[in-house]
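S.K.: To be precise about what I am sending: the file is called target-v9.txt and holds compact mmCIF, C-alpha atoms.
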# COMPACT_ATOMS: atom_id res chain seq x y z
CA MET R 169 8.58 -25.18 -7.24
CA SER R 170 11.68 -22.99 -7.14
CA GLU R 171 15.05 -24.17 -5.89
CA ARG R 172 14.71 -21.88 -2.88
CA THR R 173 11.33 -23.23 -1.76
CA ALA R 174 11.93 -26.90 -2.65
CA GLY R 175 13.10 -27.93 0.83
CA VAL R 176 10.78 -25.71 2.84
CA THR R 177 7.28 -26.58 4.05
CA LEU R 178 4.76 -23.78 4.43
CA SER R 179 2.08 -24.59 6.99
CA VAL R 180 -1.16 -22.90 5.92
CA VAL R 181 -3.60 -22.32 8.79
CA VAL R 182 -7.20 -21.92 7.57
CA PRO R 183 -9.80 -20.74 10.13
CA ALA R 184 -13.28 -21.49 8.79
CA TYR R 185 -16.74 -20.56 9.98
CA ASN R 186 -19.74 -21.05 7.68
CA GLU R 187 -17.67 -20.99 4.48
CA GLU R 188 -19.35 -23.90 2.69
CA ALA R 189 -19.42 -22.01 -0.62
CA THR R 190 -15.68 -21.18 -0.73
CA ILE R 191 -13.68 -23.49 1.54
CA ALA R 192 -13.08 -26.23 -1.05
CA ALA R 193 -11.89 -23.70 -3.65
CA ALA R 194 -9.62 -22.03 -1.09
CA VAL R 195 -7.98 -25.33 -0.14
CA ARG R 196 -7.51 -26.33 -3.78
CA ARG R 197 -6.00 -22.94 -4.64
CA VAL R 198 -3.43 -23.44 -1.88
CA ARG R 199 -2.62 -26.92 -3.18
CA GLU R 200 -2.11 -25.52 -6.68
CA CYS R 201 0.73 -23.29 -5.47
CA PRO R 202 4.22 -24.41 -6.54
CA LEU R 203 5.14 -24.96 -2.90
CA ARG R 204 5.42 -27.77 -0.39
CA THR R 205 2.37 -27.03 1.76
CA GLU R 206 0.76 -28.43 4.86
CA ILE R 207 -2.86 -27.38 5.35
CA VAL R 208 -4.28 -27.21 8.87
CA VAL R 209 -7.95 -26.23 8.93
CA VAL R 210 -9.94 -25.27 12.01
CA ASP R 211 -13.72 -25.52 11.70
CA ASP R 212 -14.99 -23.03 14.26
CA ALA R 213 -18.30 -24.83 14.92
CA SER R 214 -19.85 -24.04 11.53
CA THR R 215 -23.61 -24.41 11.29
CA ASP R 216 -23.82 -24.84 7.51
CA GLY R 217 -22.18 -27.62 5.46
CA THR R 218 -18.59 -26.47 6.02
CA ARG R 219 -17.66 -29.35 8.31
CA ALA R 220 -18.90 -32.01 5.88
CA VAL R 221 -16.92 -30.37 3.07
CA LEU R 222 -13.80 -30.30 5.23
CA GLU R 223 -14.11 -33.94 6.24
CA SER R 224 -14.40 -34.83 2.55
CA LEU R 225 -11.32 -32.77 1.72
CA ARG R 226 -9.38 -34.48 4.50
CA ALA R 227 -10.44 -37.89 3.21
CA GLN R 228 -9.12 -36.88 -0.22
CA GLY R 229 -5.78 -35.87 1.30
CA LEU R 230 -6.25 -32.19 0.48
CA VAL R 231 -6.43 -31.21 4.16
CA ASP R 232 -3.60 -32.57 6.32
CA ARG R 233 -5.07 -31.81 9.73
CA LEU R 234 -8.58 -30.86 10.71
CA VAL R 235 -9.27 -29.30 14.11
CA LEU R 236 -12.92 -29.16 15.16
CA HIS R 237 -14.28 -26.62 17.63
CA GLU R 238 -17.48 -27.78 19.32
CA ARG R 239 -18.56 -24.19 19.94
CA ASN R 240 -17.88 -21.00 18.02
CA GLN R 241 -14.90 -19.15 19.48
CA GLY R 242 -13.69 -16.71 16.82
CA LYS R 243 -10.83 -16.38 14.35
CA GLY R 244 -8.16 -15.75 16.97
CA SER R 245 -9.12 -18.87 18.88
CA ALA R 246 -9.08 -20.89 15.67
CA VAL R 247 -5.57 -19.68 14.83
CA ARG R 248 -4.37 -20.48 18.33
CA SER R 249 -5.87 -23.97 18.13
CA ALA R 250 -4.08 -24.63 14.85
CA ILE R 251 -0.58 -23.44 15.74
CA PRO R 252 0.41 -26.45 17.91
CA HIS R 253 -0.42 -28.73 14.95
CA VAL R 254 1.80 -27.12 12.32
CA THR R 255 5.05 -28.85 11.36
CA GLY R 256 6.39 -26.65 8.56
CA GLU R 257 9.29 -24.24 8.86
CA LEU R 258 7.02 -21.31 7.98
CA VAL R 259 3.38 -20.64 8.80
CA VAL R 260 0.75 -18.35 7.27
CA ILE R 261 -2.94 -17.70 7.92
CA GLN R 262 -5.23 -18.16 4.91
CA ASP R 263 -8.81 -16.96 5.20
CA ALA R 264 -11.35 -19.38 3.75
CA ASP R 265 -13.30 -16.69 1.89
CA MET R 266 -11.06 -16.37 -1.20
CA GLU R 267 -10.30 -12.67 -0.60
CA TYR R 268 -6.56 -13.43 -0.54
CA ASP R 269 -4.84 -15.19 -3.46
CA PRO R 270 -2.50 -18.08 -2.56
CA ALA R 271 -0.54 -17.28 -5.74
CA ASP R 272 1.05 -14.47 -3.68
CA LEU R 273 2.52 -16.88 -1.11
CA PRO R 274 5.86 -17.64 -2.87
CA ALA R 275 6.68 -13.93 -3.02
CA LEU R 276 5.74 -13.52 0.64
CA MET R 277 8.11 -16.31 1.65
CA GLN R 278 11.09 -14.91 -0.23
CA PRO R 279 12.47 -12.36 2.29
CA ILE R 280 12.52 -15.11 4.94
CA LEU R 281 14.16 -17.64 2.62
CA ASP R 282 16.77 -15.02 1.76
CA GLY R 283 17.58 -14.65 5.46
CA ARG R 284 16.42 -11.02 5.56
CA ALA R 285 13.22 -11.39 7.56
CA ASP R 286 11.53 -13.35 10.32
CA ALA R 287 8.02 -12.31 9.30
CA VAL R 288 6.52 -10.92 6.09
CA LEU R 289 3.20 -9.09 5.84
CA GLY R 290 1.26 -8.90 2.60
CA SER R 291 0.08 -5.34 2.07
CA ARG R 292 -3.08 -4.61 0.11
CA PHE R 293 -2.01 -0.98 -0.24
CA LEU R 294 1.42 -1.19 -1.87
CA GLY R 295 0.23 -1.36 -5.46
CA GLY R 296 -1.17 -4.86 -6.01
CA PRO R 297 -4.46 -5.28 -7.90
CA HIS R 298 -7.50 -5.08 -5.65
CA ARG R 299 -11.25 -4.98 -5.90
CA VAL R 300 -12.68 -1.51 -5.26
CA LEU R 301 -15.13 -1.62 -2.35
CA TYR R 302 -15.80 0.36 0.84
CA PHE R 303 -14.31 3.83 1.40
CA TRP R 304 -14.87 3.83 5.17
CA HIS R 305 -13.26 0.40 5.52
CA ARG R 306 -10.11 1.83 3.94
CA VAL R 307 -10.21 4.88 6.23
CA GLY R 308 -10.70 2.67 9.28
CA ASN R 309 -7.89 0.37 8.24
CA GLY R 310 -5.55 3.29 7.77
CA PHE R 311 -6.43 4.71 11.19
CA LEU R 312 -5.92 1.39 12.96
CA THR R 313 -2.61 0.84 11.18
CA LEU R 314 -1.49 4.33 12.24
CA VAL R 315 -2.39 3.73 15.88
CA SER R 316 -0.67 0.33 15.82
CA ASN R 317 2.46 1.87 14.29
CA MET R 318 2.53 4.50 17.05
CA PHE R 319 2.79 1.77 19.68
CA THR R 320 5.04 -0.68 17.81
CA ASN R 321 7.29 1.93 16.17
CA LEU R 322 6.86 0.12 12.85
CA ASN R 323 5.99 1.79 9.54
CA LEU R 324 3.50 -0.76 8.22
CA THR R 325 0.94 0.14 5.57
CA ASP R 326 -1.53 -2.68 6.34
CA MET R 327 -1.56 -3.96 9.91
CA GLU R 328 -4.92 -5.71 9.45
CA THR R 329 -3.79 -7.92 6.56
CA CYS R 330 -4.55 -11.62 6.90
CA TYR R 331 -1.36 -12.65 5.09
CA LYS R 332 1.40 -12.78 7.68
CA VAL R 333 4.11 -15.36 6.92
CA VAL R 334 6.12 -16.10 10.06
CA ARG R 335 8.89 -18.50 11.00
CA SER R 336 7.15 -21.32 12.84
CA ASP R 337 9.45 -21.30 15.85
CA LEU R 338 8.80 -17.58 16.22
CA MET R 339 5.04 -17.99 15.84
CA LYS R 340 4.96 -20.72 18.50
CA SER R 341 6.85 -18.48 20.93
CA LEU R 342 4.26 -15.67 20.82
CA PRO R 343 1.87 -15.51 23.83
CA LEU R 344 -1.29 -15.07 21.77
CA ARG R 345 -4.51 -14.34 23.65
CA SER R 346 -6.98 -12.98 21.10
CA ARG R 347 -10.25 -14.80 20.42
CA ARG R 348 -11.75 -12.90 17.48
CA PHE R 349 -10.43 -10.52 14.82
CA GLY R 350 -8.08 -8.97 17.37
CA ILE R 351 -5.60 -11.63 16.26
CA GLU R 352 -4.33 -9.26 13.53
CA PRO R 353 -3.22 -6.34 15.77
CA GLU R 354 -2.04 -8.83 18.38
CA LEU R 355 0.24 -10.63 15.94
CA VAL R 356 1.81 -7.32 14.92
CA ALA R 357 2.25 -6.27 18.55
CA ARG R 358 3.84 -9.59 19.52
CA LEU R 359 6.18 -9.62 16.50
CA ALA R 360 7.33 -6.11 17.39
CA GLN R 361 7.86 -7.08 21.03
CA ALA R 362 9.92 -10.08 19.92
CA GLY R 363 12.18 -7.82 17.84
CA ALA R 364 11.34 -9.76 14.68
CA ARG R 365 12.66 -8.47 11.36
CA ILE R 366 9.52 -7.58 9.41
CA TYR R 367 9.07 -7.00 5.68
CA GLU R 368 6.04 -5.96 3.66
CA VAL R 369 5.28 -7.29 0.17
CA PRO R 370 2.45 -6.08 -2.11
CA ILE R 371 -0.39 -8.56 -2.65
CA SER R 372 -3.61 -8.70 -4.63
CA TYR R 373 -6.95 -8.50 -2.85
CA SER R 374 -10.48 -9.44 -3.88
CA GLY R 375 -12.66 -8.29 -1.00
CA ARG R 376 -16.20 -9.52 -0.48
CA THR R 377 -19.31 -7.45 0.07
CA TYR R 378 -21.58 -8.12 3.03
CA ALA R 379 -24.08 -9.70 0.64
CA GLU R 380 -21.33 -12.12 -0.39
CA GLY R 381 -20.64 -13.14 3.20
CA LYS R 382 -18.16 -10.64 4.65
CA LYS R 383 -18.23 -10.96 8.45
CA ILE R 384 -16.09 -8.17 9.87
CA GLY R 385 -18.00 -4.99 10.74
CA TRP R 386 -17.65 -1.64 12.46
CA ARG R 387 -17.85 -3.22 15.91
CA ASP R 388 -14.75 -5.24 15.10
CA GLY R 389 -13.01 -2.03 14.05
CA VAL R 390 -13.81 -0.42 17.41
CA ALA R 391 -12.67 -3.59 19.19
CA ALA R 392 -9.42 -3.55 17.18
CA PHE R 393 -8.56 -0.13 18.64
CA TRP R 394 -8.80 -1.51 22.17
CA HIS R 395 -6.90 -4.65 21.14
CA ILE R 396 -4.04 -2.46 19.96
CA LEU R 397 -3.90 -0.77 23.36
CA ARG R 398 -4.25 -4.04 25.25
CA TYR R 399 -1.66 -6.10 23.42
CA ASN R 400 0.92 -3.33 23.31
CA LEU R 401 0.54 -2.13 26.90
CA VAL R 402 -0.67 -5.07 28.99
CA PRO R 403 1.44 -8.16 29.81
CA PRO R 404 2.37 -10.75 28.78
CA ARG R 405 4.93 -9.54 26.26
CA ALA R 406 6.53 -11.74 23.64
CA PRO R 407 10.05 -12.90 24.51
CA ALA R 408 12.95 -11.62 22.43
CA TYR R 409 13.40 -13.77 19.34
CA ARG R 410 16.80 -15.34 18.75
CA HIS R 411 17.08 -17.34 15.56
CA ALA R 412 19.06 -20.57 15.98
CA SER R 413 21.19 -19.98 12.88
CA GLY R 414 21.72 -16.26 13.37
CA GLY R 415 18.87 -15.23 11.12
CA ALA R 416 19.80 -16.99 7.88
CA GLY R 417 17.44 -19.32 6.06
CA VAL R 418 14.91 -21.41 7.94
CA VAL R 419 15.08 -23.96 10.75
CA PRO R 420 13.04 -27.16 11.18
CA ALA R 421 9.78 -26.75 13.06
CA ALA R 422 8.75 -28.79 16.07
CA PRO R 423 6.81 -32.01 15.36
CA ALA R 424 3.02 -31.92 15.52
CA PRO R 425 1.14 -33.42 18.47
CA ALA R 426 0.56 -37.17 18.26
CA VAL R 427 -3.21 -36.78 18.00
CA ALA R 428 -2.85 -34.81 14.77
CA GLU R 429 -0.34 -37.25 13.28
CA GLN R 430 -2.35 -40.35 14.06
CA ALA R 431 -5.92 -39.31 13.39
CA GLY R 432 -5.76 -36.19 11.24
CA ILE R 433 -8.68 -34.77 13.26
CA ALA R 434 -8.53 -33.07 16.64
CA ARG R 435 -11.68 -32.13 18.53
CA LEU R 436 -11.50 -29.20 20.92
CA HIS R 437 -14.41 -28.59 23.26
CA THR R 438 -12.80 -25.63 25.01
CA ASN R 439 -10.17 -23.10 24.07
Show me this structure written as structure tokens.
M.R.:
Amino acid sequence: MSERTAGVTLSVVVPAYNEEATIAAAVRRVRECPLRTEIVVVDDASTDGTRAVLESLRAQGLVDRLVLHERNQGKGSAVRSAIPHVTGELVVIQDADMEYDPADLPALMQPILDGRADAVLGSRFLGGPHRVLYFWHRVGNGFLTLVSNMFTNLNLTDMETCYKVVRSDLMKSLPLRSRRFGIEPELVARLAQAGARIYEVPISYSGRTYAEGKKIGWRDGVAAFWHILRYNLVPPRAPAYRHASGGAGVVPAAPAPAVAEQAGIARLHTN
């Protein structure tokens, strides 16, 4: 653990749906990072053995808080359910499928720790090593990023990236509404509306094939286009962000709800 990260807790939000084969490895990879981490996992009503694996990980102390959805609601809903439970100064979303490498997290935190940024996005297209997969996925990602940039006036290279490290107080101020994969364009739209200082950092990427369990498809790409329009043009808008210390360093996050502190498991029947 570096001197800069020693006093900072990174809350890692892990949405999980039918990831029995990879969830334990993903959690352990996060724990292996030279960081002070808090892991908040949301099981989005998995129908395989994911929930049993997660309950075992929580019993071992590898998962700090486990939120259980009683019906499947989507990635966006899982992220929204987790955010009230985080207590770290910074928060990041970690997919449970091992496509993103937690070893990249210290570098993603650095612009915020240096006082230069309020949010950092990990770009898969800035030169980091990546598995070669689908041509049309790359074209679609580039198109969606372009459309998003047109509305936000940002010059991002990878709007759809999962890795978005955000100051926790900023994240908790965003009026998130998305239920499924629209959470990615919505987060970018809300951060832009808040006037957040945004950096991009290159990351590695090991994408899965559909045979290996990849869930996002062309319908989600079409939906993402409409999400970009909706979250940039339709209220509510994120309030302007004003950092308590003028933008330098990090500030303590709000305490987690009592139910998460006392039991470690929260059950949500509705969103």
S.K.: From the list R:Leu276, R:Val176, R:Ala213, R:Val208, which residue is nearest Leu436 of chain R when using all atoms listed in the file?
M.R.: R:Ala213
S.K.: Select, from R:Ala250, R:Ala220, R:Val180, R:Val288, the residue with the minimum atom-to-atom distance to Arg435 of chain R, counting all atoms listed in the file.
M.R.: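 The closest residue to Arg435 of chain R is R:Ala250.
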S.K.: List as a list in words the protein and nucleic acid residues near Tyr367 of chain R, meaning an atom at most 7 Å away when only C-alpha atoms are counted, but skip any in the same chain fewer than 4 places from it.
M.R.: Ala285, Ala287, Val288 and Leu289 of chain R
S.K.: For each of R:Ser224, R:Ser372, R:Ser336, R:Ser341, take the minimum atom-to-atom distance to Val259 of chain R, counting only C-alpha atoms, then give the residue where this is smallest.
M.R.: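 Checking each of R:Ser224, R:Ser372, R:Ser336, R:Ser341 against Val259 of chain R, counting only C-alpha atoms, the winner is R:Ser336.
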S.K.: Smallest atom-to-atom distance to Ile280 of chain R: which of R:Leu314, R:Val209, R:Leu324, R:Ile366, using all atoms listed in the file?
M.R.: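 Among the listed residues, the smallest separation from Ile280 of chain R belongs to R:Ile366.
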S.K.: Rounded to one decimal, what separation in Å do you get between atom CA of Gly175 of chain R and atom CA of Pro202 of chain R?
M.R.: 12.1 Å
S.K.: Which is closest to Gly217 of chain R among R:Leu397, R:Arg410, R:Leu344, R:Ile191, if we use all atoms listed in the file?
M.R.: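 Answer, going by the shortest atom-to-atom distance: R:Ile191.
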